[in-house]
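First the structure, in the form of structure tokens, and then the observations on it.
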Amino acid sequence: MQNTYSPHYANTYFRREGHQHSILSHHRKGQHTQEMDEFVVCFPEPDFLRLVRETPTSSGELLLRVYDDGTVVHAFVRADAGKDAALGRHAMRGRYIKMGEKLTEDRLQGFLEGFLAASAGTPSLLVIVLEKDDGGFQTLGYIFPEGSPNATQMKILQYPTADEFHSRSILRTDQLNQTSVCVIGLGSGGSHIAVELVKAGVGRLVLIDDDRLEFCNIARHVCGVKDMGRLKTRALKDYLLNKNPNVRFETFEENINSLCRSEDLKACLKDCNLIVAATDTTESRYSINSLSLETGITTLYGKCGPKAAGGEVVRVQPGKSPCLACMYGNIASQNEASDFKRVRNAFPDYVSDEEVSATIQLGLSSDIIPMANMVVKLALVELTRGQSSAIESLDTDFQAPFYQWANRREGDYKDYPQDGFRKATMMSILRWYPVNMEKDTKCLVCQMHKRAAANQGKGGASFFAEKQEQT
């Protein structure tokens, strides 16, 4: 009577009683003088099993990326997915076989022995996909490590579902998966905000930035050296897809001041629940403020002061709270000097590049993150408002439209008391302060928006058209 290899015990090693030359090998840490690492095979493609099932042949080649001294393998069916497989001294060949559910040990031994002979001593991976009677699949993986004549069964990590990605979150998957956020400005602050929103479970992002990653960005940005020269939108999109491949994206690589008048953008924003403005110029923030008022979408602004000594977070809820112009008026707040090209253009030609570079002083990433995290907190409150959630109490805590933070006692915060951090009754560094503000009844931007909205209701010009005519 033959022993049957049951797919329900995929992590078990089977030997026939009395069989002295089984090619299967069971490694346990501590069993040998040299401990064996656990071998893991992952299938990062979300449709891996479908691709295998639809192949006309019963077997095929796998493209592999090999990590951690050959103990971790990512297997791909698509050629483009594995095109940059890590090779070098960890070169490995891979193959898959698909078959019916019943797999005897004799048949398994035959597959493994044949595969070992064909591999000619090269480290190899064999994936067996068992098609079950109920239409489902069971996947088994075996590796022949370099220099070993035995096959070791690997731990299988399948592509997770959308629910599994956030299975341990304090927020339910369905609360954020259908939400959409537009993030404008993908520098050190905006990129961090986008990452945290994806990690929280936001299902769709619209990313807007016309800049590329340069050397000066890398120290504070979530993307790294391998993304040098790339558009921030595309580099960040790839980074985020590695965090959660289920997120849906739309990207715009245009200057926001001109893009705000684009009908394509406004059409894209129809499904957005929130706008995040993480730009570093006053002009761009005021353009976004106008966009927010026209679309009626709540917008969060994160801003750092010079050298990130402190910062502000502003929430504009059109029709309910003051707009950005109500709070700042027509006085331009100081721009963050964070981009050489933009700062260079602000200086006359006779000023050397060295002198321009000397004026650019950037804050530490750790000083920028508090503002970014506060934006994320407010964003999650906005996106889950009206729902029963673990953070619903924050809605009563965050009532103000304006929040202020100080990292150090310098610049605008130089008059903070030296011992304020030790006393709750004094202004202090490293503490958020809400500031209540009312709408400015004389705000020109609000008045212009109201007139444009009234005209549009009568078939007249839009808000942006009226603004352009006046400009």
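Each chain in the structure tokens gets a letter, A, B, ..., in the order shown, and its residues are numbered from 1; ligands are numbered from 1 in order too.
Backbone DSSP assigns strand (DSSP E or B) in segment 219-268 of chain A to Leu231, Arg248, Phe249, Glu250, Thr251 and Phe252 of chain A.
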Contacts of Lys442 of chain A within 10 Å, only C-alpha atoms, excl. fewer than 5 positions in-chain, as a list in words: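 So the residues in contact are Cys326, Gly329 and Gln447 of chain A.
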Could you please take those selected residues and save N, CA, C and O atoms as a tab-separated table (two decimals), in the first residue's frame?
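To be explicit, this is the file written out as result_20.tsv:
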chain	number	residue	atom	x	y	z
A	326	CYS	N	-8.13	83.17	5.07
A	326	CYS	CA	-8.71	83.74	6.29
A	326	CYS	C	-7.70	83.73	7.43
A	326	CYS	O	-7.63	84.67	8.23
A	329	GLY	N	-4.24	85.63	5.76
A	329	GLY	CA	-4.44	86.90	5.10
A	329	GLY	C	-3.63	86.98	3.82
A	329	GLY	O	-3.30	85.97	3.20
A	447	GLN	N	-14.85	85.59	-0.68
A	447	GLN	CA	-15.85	86.38	-1.41
A	447	GLN	C	-15.83	86.04	-2.89
A	447	GLN	O	-16.88	85.89	-3.53
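When atom CA of Gly190 of chain A is paired with atom CA of Ala372 of chain A, their separation reads 7.2 Å.
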Let me make sure I understand: among A:Asn246, A:Thr251, A:Gln418, A:Ser188, which one has the smallest atom-to-atom distance to Thr279 of chain A if we use only C-alpha atoms?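 For Thr279 of chain A, the nearest of the given residues is A:Ser188.
For segment 252-254 of chain A, the non-local neighbours within 10 Å, defined as residues at least 6 positions apart in the same chain or in other chains and counting only C-alpha atoms, are Ile184, Val206, Leu207, Ile208, Asp209, Asp210, Asp211, Arg212, Leu231, Lys232, Thr233, Arg234, Cys260, Asp264 and Leu265 of chain A.
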If you count only C-alpha atoms, the residue of A:Lys439, A:Lys199, A:Lys270, A:Arg220 closest to Tyr328 of chain A turns out to be A:Lys439
Could you check the closest approach to Glu45 of chain A for each of A:Met92, A:Leu62, A:Ile193, A:Met374 and tell me which residue wins, using only C-alpha atoms?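 Of A:Met92, A:Leu62, A:Ile193, A:Met374, the one nearest Glu45 of chain A, counting only C-alpha atoms, is A:Leu62.
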Mind giving me the straight-line distance from atom CA of Val66 of chain A to atom CA of Lys98 of chain A in Å, one decimal?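 Calculated distance between atom CA of Val66 of chain A and atom CA of Lys98 of chain A is 22.6 Å.
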Quick one: pull the distance between atom CA of Asn373 of chain A and atom CA of Gly302 of chain A, Å, one decimal.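 Taking atom CA of Asn373 of chain A and atom CA of Gly302 of chain A, their separation equals 9.6 Å.
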DSSP alpha helix (DSSP H) residues within segment 245-328 of chain A, as JSON, numbers by chain: {"A": [256, 257, 258, 259, 263, 264, 265, 266, 267, 268, 269, 282, 283, 284, 285, 286, 287, 288, 289, 290, 291, 292, 293, 294, 295, 324, 325, 326, 327, 328]}
Pick from A:Leu157, A:Ser180, A:Pro56, A:Thr122: nearest to Phe39 of chain A, with only C-alpha atoms counted?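 The closest residue to Phe39 of chain A is A:Leu157.
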Nearest-residue call for Thr71 of chain A, choices A:Asp227, A:Asp412, A:Asp174, A:Glu38, using only C-alpha atoms: A:Glu38
